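Trainee: This is the content of coords10.cif (mmCIF, C-alpha atoms and all ligand atoms):
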data_final
loop_
_atom_site.label_atom_id
_atom_site.label_comp_id
_atom_site.auth_asym_id
_atom_site.auth_seq_id
_atom_site.Cartn_x
_atom_site.Cartn_y
_atom_site.Cartn_z
CA MET A 17 -31.32 -12.77 57.74
CA THR A 18 -30.97 -13.30 61.48
CA ALA A 19 -31.83 -10.94 64.28
CA ASP A 20 -28.12 -10.48 64.84
CA ASP A 21 -27.51 -9.41 61.23
CA THR A 22 -30.13 -6.74 61.62
CA LEU A 23 -28.82 -5.51 64.89
CA THR A 24 -25.15 -5.30 64.20
CA THR A 25 -25.28 -3.57 60.82
CA PRO A 26 -24.28 0.08 61.27
CA THR A 27 -27.01 1.31 58.95
CA ASN A 28 -29.64 -0.74 60.72
CA VAL A 29 -33.10 0.65 61.11
CA LEU A 30 -32.67 1.38 64.78
CA GLY A 31 -30.52 4.29 63.77
CA SER A 32 -27.89 3.91 66.42
CA THR A 33 -25.10 1.46 66.96
CA SER A 34 -25.22 2.29 70.68
CA PHE A 35 -28.74 0.96 70.83
CA THR A 36 -29.25 -1.56 73.64
CA GLN A 37 -29.50 -4.73 71.64
CA SER A 38 -31.08 -6.74 74.44
CA ARG A 39 -34.19 -4.62 73.94
CA ILE A 40 -35.27 -6.65 71.00
CA GLN A 41 -33.77 -9.96 71.91
CA PRO A 42 -36.20 -12.53 73.27
CA THR A 43 -36.85 -11.66 76.88
CA ALA A 44 -39.40 -12.45 79.50
CA VAL A 45 -41.25 -9.38 80.59
CA GLU A 46 -42.65 -8.41 83.93
CA ALA A 47 -46.15 -9.38 84.83
CA PRO A 48 -48.77 -6.62 84.60
CA ALA A 49 -50.92 -5.63 87.55
CA PRO A 50 -50.99 -8.63 89.91
CA GLY A 51 -54.13 -10.56 90.65
CA LYS A 52 -55.55 -10.43 87.12
CA PRO A 53 -57.10 -13.70 86.01
CA ASN A 54 -55.67 -15.22 82.82
CA SER A 55 -52.86 -12.70 82.68
CA LEU A 56 -50.33 -13.41 79.94
CA GLY A 57 -47.93 -10.66 80.99
CA SER A 58 -45.34 -12.82 82.75
CA LEU A 59 -45.44 -15.49 80.03
CA VAL A 60 -44.91 -13.20 77.07
CA ARG A 61 -41.58 -13.14 75.21
CA ILE A 62 -40.75 -10.24 72.92
CA ALA A 63 -38.52 -10.63 69.87
CA LEU A 64 -37.75 -9.15 66.50
CA CYS A 65 -39.64 -10.76 63.59
CA THR A 66 -37.12 -12.44 61.33
CA THR A 67 -38.63 -15.57 59.82
CA THR A 68 -41.49 -15.99 57.37
CA ALA A 69 -43.46 -17.73 60.15
CA ASP A 70 -43.05 -14.58 62.28
CA PHE A 71 -44.38 -12.36 59.51
CA GLU A 72 -47.25 -14.77 58.90
CA GLY A 73 -48.13 -14.64 62.61
CA ILE A 74 -48.14 -10.86 62.78
CA ALA A 75 -50.02 -10.51 59.46
CA GLU A 76 -52.78 -12.68 60.88
CA ILE A 77 -53.08 -10.41 63.91
CA GLU A 78 -53.04 -7.33 61.67
CA LEU A 79 -55.82 -8.65 59.42
CA LEU A 80 -57.97 -9.84 62.33
CA ASN A 81 -57.76 -6.46 64.03
CA PHE A 82 -58.17 -4.25 60.98
CA PRO A 83 -60.47 -6.31 58.78
CA GLY A 84 -62.43 -3.61 57.03
CA PRO A 85 -65.11 -0.96 57.40
CA ASN A 86 -67.95 -1.35 59.90
CA THR A 87 -66.49 -4.30 61.73
CA HIS A 88 -65.02 -2.31 64.60
CA ASP A 89 -65.62 1.27 65.61
CA THR A 90 -68.20 3.05 63.55
CA THR A 91 -67.82 6.64 64.72
CA VAL A 92 -65.89 8.20 61.91
CA THR A 93 -64.63 11.13 63.93
CA GLU A 94 -63.29 9.10 66.82
CA ALA A 95 -61.97 6.14 64.92
CA GLY A 96 -60.58 8.05 61.98
CA THR A 97 -57.38 6.07 61.39
CA LEU A 98 -59.03 2.72 61.71
CA HIS A 99 -62.02 3.66 59.62
CA LEU A 100 -60.07 5.41 56.89
CA MET A 101 -57.42 2.69 56.63
CA SER A 102 -60.12 0.03 56.72
CA LEU A 103 -61.56 1.56 53.56
CA ALA A 104 -58.22 0.89 51.90
CA ALA A 105 -58.38 -2.80 52.75
CA HIS A 106 -59.59 -5.59 50.56
CA PRO A 107 -63.40 -5.10 50.23
CA PHE A 108 -64.26 -8.72 50.95
CA ARG A 109 -62.43 -8.92 54.27
CA PRO A 110 -65.48 -8.26 56.54
CA ALA A 111 -67.56 -10.92 54.79
CA LEU A 112 -64.75 -13.44 54.99
CA LEU A 113 -64.28 -12.71 58.68
CA GLU A 114 -67.98 -13.05 59.34
CA LYS A 115 -68.10 -16.40 57.55
CA GLY A 116 -65.28 -17.62 59.78
CA PHE A 117 -62.52 -17.89 57.14
CA SER A 118 -59.07 -17.70 58.69
CA PRO A 119 -57.11 -14.59 57.58
CA ARG A 120 -54.58 -17.02 56.17
CA LEU A 121 -57.14 -17.74 53.43
CA TRP A 122 -57.91 -14.10 52.64
CA PRO A 123 -56.84 -12.87 49.19
CA ASP A 124 -54.52 -10.19 50.58
CA TYR A 125 -52.85 -12.31 53.26
CA ARG A 126 -49.77 -13.27 51.21
CA THR A 127 -49.22 -9.72 49.96
CA THR A 128 -49.54 -8.42 53.53
CA VAL A 129 -46.86 -10.87 54.66
CA SER A 130 -44.52 -10.01 51.80
CA ARG A 131 -45.02 -6.23 52.15
CA ARG A 132 -44.07 -6.36 55.84
CA GLN A 133 -41.12 -8.65 55.13
CA LYS A 134 -39.88 -6.28 52.45
CA MET A 135 -40.09 -3.31 54.85
CA ALA A 136 -38.06 -5.22 57.43
CA ALA A 137 -35.50 -6.24 54.80
CA ASP A 138 -35.25 -2.63 53.55
CA ARG A 139 -34.63 -1.65 57.17
CA THR A 140 -37.25 1.04 57.00
CA SER A 141 -39.30 -0.67 59.73
CA ILE A 142 -38.96 -2.86 62.81
CA PHE A 143 -41.51 -5.57 63.49
CA LEU A 144 -41.75 -7.06 66.98
CA LYS A 145 -43.71 -10.10 68.04
CA ALA A 146 -44.96 -11.03 71.48
CA SER A 147 -45.36 -14.77 71.90
CA VAL A 148 -46.30 -17.39 74.45
CA ASP A 149 -46.01 -21.17 74.44
CA ASP A 150 -49.29 -22.70 73.35
CA GLU A 151 -50.87 -24.47 76.32
CA GLU A 152 -51.78 -27.56 74.30
CA THR A 153 -48.98 -27.99 71.78
CA GLY A 154 -46.17 -26.23 73.64
CA LYS A 155 -45.28 -24.48 70.35
CA GLU A 156 -44.71 -20.75 70.03
CA ARG A 157 -47.89 -18.77 69.54
CA ILE A 158 -47.67 -15.11 68.45
CA VAL A 159 -50.20 -13.08 70.44
CA ALA A 160 -49.33 -9.47 69.62
CA MET A 161 -47.44 -7.39 67.09
CA ALA A 162 -45.82 -3.96 66.88
CA TRP A 163 -44.58 -2.13 63.79
CA LEU A 164 -42.19 0.73 64.46
CA THR A 165 -40.14 3.17 62.46
CA SER A 166 -36.97 4.64 63.86
CA PRO A 167 -34.79 7.75 63.66
CA ALA A 168 -32.91 6.04 60.83
CA ALA A 169 -36.06 6.24 58.76
CA TYR A 170 -36.44 9.82 59.95
CA LYS A 171 -32.89 10.68 58.91
CA ALA A 172 -33.58 9.26 55.50
CA SER A 173 -36.37 11.75 55.09
CA GLN A 174 -34.29 14.82 55.90
CA ARG A 175 -34.80 17.39 53.29
CA THR A 176 -31.77 17.78 51.11
CA TRP A 177 -32.70 18.71 47.55
CA ILE A 178 -31.50 15.37 46.26
CA HIS A 179 -33.62 13.60 48.82
CA LEU A 180 -36.59 15.81 48.08
CA LEU A 181 -36.25 14.85 44.46
CA LYS A 182 -36.10 11.18 45.31
CA SER A 183 -38.70 11.05 48.08
CA GLU A 184 -41.26 13.52 46.75
CA LEU A 185 -40.95 12.89 43.04
CA LEU A 186 -39.22 9.70 42.07
CA HIS A 187 -40.32 7.28 44.79
CA PRO A 188 -44.03 8.20 44.77
CA VAL A 189 -44.14 7.75 41.00
CA VAL A 190 -42.21 4.46 41.00
CA ASP A 191 -44.01 3.17 44.12
CA GLY A 192 -47.34 4.40 42.80
CA VAL A 193 -46.95 2.53 39.54
CA TRP A 194 -45.64 -0.58 41.31
CA ASN A 195 -48.43 -0.54 43.90
CA ARG A 196 -51.18 -0.03 41.39
CA VAL A 197 -49.96 -2.54 38.85
CA PHE A 198 -48.84 -5.30 41.19
CA ASP A 199 -49.98 -4.80 44.79
CA GLN A 200 -53.38 -3.26 44.12
CA ALA A 201 -54.27 -6.50 42.42
CA ASP A 202 -54.96 -7.87 45.93
CA GLY A 203 -57.72 -5.29 46.43
CA THR A 204 -55.81 -2.76 48.55
CA ASP A 205 -56.63 0.85 47.66
CA PHE A 206 -53.33 2.71 47.67
CA GLY A 207 -55.08 5.99 46.85
CA ILE A 208 -56.50 6.06 50.40
CA ILE A 209 -53.19 5.02 51.92
CA ASP A 210 -51.43 7.86 50.07
CA VAL A 211 -53.94 10.42 51.38
CA TYR A 212 -53.55 9.10 54.94
CA LYS A 213 -49.75 9.00 54.80
CA LYS A 214 -49.58 12.58 53.54
CA GLU A 215 -51.56 13.81 56.55
CA VAL A 216 -49.47 11.66 58.92
CA ARG A 217 -46.29 13.24 57.50
CA ARG A 218 -47.73 16.74 57.85
CA VAL A 219 -48.71 16.27 61.51
CA ARG A 220 -45.47 14.50 62.46
CA ASN A 221 -43.42 17.29 60.88
CA ASN A 222 -45.53 19.82 62.72
CA VAL A 223 -45.15 18.11 66.10
CA MET A 224 -41.56 16.89 65.87
CA GLY A 225 -39.93 19.44 63.57
CA ASP A 226 -36.31 18.39 63.01
CA LYS A 227 -36.05 16.26 66.16
CA PRO A 228 -35.50 12.50 65.86
CA TYR A 229 -38.27 10.21 67.04
CA PHE A 230 -39.64 6.69 66.92
CA ALA A 231 -43.12 6.10 65.50
CA LEU A 232 -45.46 3.29 66.45
CA GLU A 233 -47.05 2.61 63.07
CA MET A 234 -49.21 -0.33 64.07
CA PHE A 235 -49.91 -2.15 67.30
CA ALA A 236 -52.36 -5.00 67.87
CA VAL A 237 -53.09 -7.96 70.09
CA HIS A 238 -54.71 -11.15 68.82
CA PRO A 239 -58.45 -10.75 69.56
CA SER A 240 -58.47 -13.98 71.59
CA CYS A 241 -55.79 -12.57 73.92
CA GLN A 242 -56.90 -8.98 74.40
CA GLY A 243 -57.29 -7.63 77.93
CA ARG A 244 -54.75 -10.11 79.35
CA GLY A 245 -51.68 -7.91 79.64
CA ALA A 246 -49.96 -8.88 76.38
CA GLY A 247 -50.50 -5.40 74.93
CA ARG A 248 -49.05 -3.73 77.96
CA ALA A 249 -46.01 -6.02 78.01
CA LEU A 250 -45.26 -5.36 74.33
CA LEU A 251 -45.88 -1.62 74.60
CA GLN A 252 -43.50 -1.33 77.57
CA HIS A 253 -40.88 -3.03 75.45
CA CYS A 254 -41.52 -0.67 72.52
CA ILE A 255 -41.24 2.34 74.80
CA GLY A 256 -37.80 1.06 75.80
CA LEU A 257 -36.52 1.90 72.30
CA PRO A 258 -37.04 5.69 72.42
CA ALA A 259 -36.32 5.70 76.17
CA ASP A 260 -32.82 4.30 75.52
CA GLN A 261 -32.09 7.06 73.05
CA LYS A 262 -33.87 9.73 75.13
CA ILE A 263 -36.17 10.64 72.27
CA PRO A 264 -39.98 10.63 71.98
CA MET A 265 -42.33 8.17 70.31
CA ILE A 266 -45.34 9.29 68.28
CA LEU A 267 -48.45 7.42 67.12
CA GLU A 268 -51.80 7.92 65.44
CA SER A 269 -54.41 6.27 67.67
CA THR A 270 -57.55 4.31 66.95
CA ALA A 271 -60.52 4.69 69.27
CA ALA A 272 -59.83 1.22 70.68
CA GLY A 273 -56.19 2.07 71.33
CA TYR A 274 -56.82 5.50 72.87
CA PRO A 275 -57.59 4.51 76.52
CA PHE A 276 -54.79 1.95 76.38
CA TYR A 277 -52.24 4.58 75.32
CA VAL A 278 -53.54 7.06 77.91
CA THR A 279 -53.03 4.37 80.58
CA ASN A 280 -49.47 3.97 79.29
CA ALA A 281 -48.53 7.68 79.58
CA PHE A 282 -49.08 8.81 75.97
CA LYS A 283 -50.46 12.34 75.61
CA VAL A 284 -52.54 13.83 72.81
CA VAL A 285 -50.56 16.55 71.05
CA GLU A 286 -52.56 17.12 67.88
CA ARG A 287 -55.27 15.69 65.67
CA GLY A 288 -54.92 14.33 62.17
CA HIS A 289 -57.68 15.18 59.75
CA VAL A 290 -58.57 13.96 56.26
CA GLU A 291 -61.52 14.74 53.98
CA TYR A 292 -62.17 11.79 51.71
CA CYS A 293 -65.18 11.26 49.47
CA ARG A 294 -67.10 14.02 51.28
CA LYS A 295 -66.53 12.45 54.68
CA SER A 296 -64.36 13.71 57.53
CA TYR A 297 -61.89 11.46 59.30
CA GLU A 298 -60.08 12.53 62.44
CA TRP A 299 -57.76 10.86 64.91
CA PRO A 300 -55.71 11.73 67.99
CA VAL A 301 -51.95 11.97 67.51
CA MET A 302 -50.20 10.98 70.74
CA VAL A 303 -46.65 11.27 72.03
CA TRP A 304 -44.76 9.41 74.75
CA LYS A 305 -41.55 10.83 76.16
CA LEU A 306 -39.38 10.50 79.24
CA SER A 307 -40.71 12.77 81.97
CA THR A 308 -37.17 14.20 82.35
CA LEU A 309 -37.39 15.58 78.80
CA GLY A 310 -40.13 17.97 79.93
C1 LIG A 401 -55.70 -1.72 72.38
C2 LIG A 401 -54.94 -3.02 72.57
C3 LIG A 401 -53.60 -2.93 71.84
C4 LIG A 401 -54.69 -3.23 74.09
O1 LIG A 401 -53.96 -4.45 74.29
P1 LIG A 401 -54.44 -5.49 75.43
O2 LIG A 401 -53.52 -6.62 75.48
O3 LIG A 401 -55.89 -5.80 75.15
O4 LIG A 401 -54.35 -4.57 76.72
P2 LIG A 401 -53.78 -5.01 78.17
O5 LIG A 401 -54.55 -6.17 78.66
O6 LIG A 401 -52.31 -5.17 78.10
O7 LIG A 401 -54.13 -3.72 79.00
C5 LIG A 401 -53.14 -2.83 79.45
C6 LIG A 401 -53.76 -1.68 80.17
O8 LIG A 401 -54.49 -0.84 79.27
C7 LIG A 401 -55.85 -0.75 79.71
N1 LIG A 401 -56.74 -0.91 78.58
C8 LIG A 401 -56.57 -1.75 77.54
N2 LIG A 401 -57.61 -1.63 76.68
C9 LIG A 401 -58.43 -0.72 77.25
C10 LIG A 401 -59.69 -0.16 76.90
N3 LIG A 401 -60.31 -0.50 75.76
N4 LIG A 401 -60.23 0.76 77.71
C11 LIG A 401 -59.62 1.14 78.85
N5 LIG A 401 -58.44 0.66 79.25
C12 LIG A 401 -57.86 -0.25 78.46
C13 LIG A 401 -56.09 -1.91 80.65
O9 LIG A 401 -57.04 -1.57 81.64
C14 LIG A 401 -54.74 -2.17 81.24
O10 LIG A 401 -54.49 -1.36 82.35
P3 LIG A 401 -54.30 -2.05 83.80
O11 LIG A 401 -53.28 -3.16 83.59
O12 LIG A 401 -53.84 -0.93 84.65
O13 LIG A 401 -55.64 -2.59 84.13
C15 LIG A 401 -55.74 -4.25 72.04
O14 LIG A 401 -56.96 -4.33 72.71
C16 LIG A 401 -55.96 -4.23 70.52
O15 LIG A 401 -55.18 -4.80 69.79
N6 LIG A 401 -57.04 -3.56 70.04
C17 LIG A 401 -57.41 -3.56 68.61
C18 LIG A 401 -56.35 -2.97 67.69
C19 LIG A 401 -56.07 -1.51 67.97
O16 LIG A 401 -56.94 -0.69 67.93
N7 LIG A 401 -54.80 -1.21 68.24
C20 LIG A 401 -54.32 0.11 68.50
C21 LIG A 401 -53.83 0.70 67.21
S1 LIG A 401 -53.41 2.41 67.37
#
Give the structure from the file, written as structure tokens.
Ligand SMILES: CC(C)(COP(=O)(O)OP(=O)(O)OC[C@H]1O[C@@H](n2cnc3c(N)ncnc32)[C@H](O)[C@@H]1OP(=O)(O)O)[C@@H](O)C(=O)NCCC(=O)NCCS
Mentor:
Amino acid sequence: MTADDTLTTPTNVLGSTSFTQSRIQPTAVEAPAPGKPNSLGSLVRIALCTTTADFEGIAEIELLNFPGPNTHDTTVTEAGTLHLMSLAAHPFRPALLEKGFSPRLWPDYRTTVSRRQKMAADRTSIFLKASVDDEETGKERIVAMAWLTSPAAYKASQRTWIHLLKSELLHPVVDGVWNRVFDQADGTDFGIIDVYKKEVRRVRNNVMGDKPYFALEMFAVHPSCQGRGAGRALLQHCIGLPADQKIPMILESTAAGYPFYVTNAFKVVERGHVEYCRKSYEWPVMVWKLSTLG
């Protein structure tokens, strides 16, 4: 599948054929605040992930940034999403990271790549990569990733009785069995993911009601490139998607992401909350929208 296939199909995940296609074509982006040493902003190219190498690159960034409990933020209340979702991850990740094993050798690396590829192929998600040319080899190096869902995914969840039957009854059972029998074999705990997703759905429904929106499901910069403008460049690009359609974008923030999103005009609208194994997990839910939308 090429980027063009994805973009020109009427049912594509972007949910609109009028969508400005150049948004997710490779483009140079503007430099961030001038005068910053080591800034990557002006060197970064943003593109849709299409090849296996792309999905491998973004999976590596995902695993490095969300490796497991107690490796990042430890305050449960502030870092709820990260902490809760980290519990779902393969239990040996932190030890492997500490021992210096590349994520490409972790037991759940391949399944992470194939899960993300499947989501992109199903057109339920969009994966963007931000890359630069490696200084030594001149080859493409992926430095940041974004995972988004679009109004098309939202439309698919509109509540007709037939859809309710499929989405609330059939899919969870089929997915549940599939995940537990096949995917859970890599150590991922889908029980935790189900609990988290249910709360995410509740809050998003509460905040957005029937209105269409984009969601930023995951966003991360390679640890070796953080603080150099790559995050900002990619986020500005992501914001272009809802901006084009004059609709908002919602996200569930980690503690590490919170100041970054505040800097980039996201506002807290609610908090997600989950009780799991007698512990409380909370996280800020933030929305970005065009100032003209009020
Ligand atoms: C949060 C994250 C995405 C930011 O990306 P980045 O490339 O490091 O950030 P940038 O260098 O582009 O910074 C952009 C702006 O945000 C601000 N910012 C970024 N991280 C910040 C932090 N921790 N505290 C305060 N401000 C921050 C910067 O000051 C900068 O503003 P400026 O250009 O006006 O100075 C990145 O650090 C990351 O991947 N963190 C771990 C994963 C994670 O938690 N992701 C969020 C999931 S919800």
Trainee: Smallest atom-to-atom distance to ligand LIG 401 (chain A): which of A:Gln133, A:Gln252, A:Ser269, A:Ser307, using all atoms listed in the file?
Mentor: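 Going through A:Gln133, A:Gln252, A:Ser269, A:Ser307 one by one, the smallest distance to ligand LIG 401 (chain A) is for A:Ser269.
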Trainee: Which protein, DNA or RNA residues have an atom within 6 Å of ligand LIG 401 (chain A), counting all atoms listed in the file, as number ranges by chain?
Mentor: A: 48-49, 81, 234-237, 242-248, 269-270, 272-273, 275-276, 279
Trainee: I need the residue nearest A:Val301 from this list: A:Asn222, A:Ser147, A:Thr128, A:Thr67. Use all atoms listed in the file for the distance.
Mentor: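 Comparing A:Asn222, A:Ser147, A:Thr128, A:Thr67 against A:Val301, the winner is A:Asn222.
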Trainee: Quick one: of A:Val284, A:Ala137, A:Leu164, A:Met224, who's nearest to A:Pro258, counting all atoms listed in the file?
Mentor: A:Leu164
Trainee: To one decimal place in Å, what is the distance between atom CA of A:Thr127 and atom CA of A:Leu144?
Mentor: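 These atoms are spaced 18.8 Å apart.
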Trainee: When distances are computed from only C-alpha atoms, which of A:Cys254, A:Arg294, A:Leu59, A:Phe282 shows the smallest separation from A:Glu156?
Mentor: A:Leu59
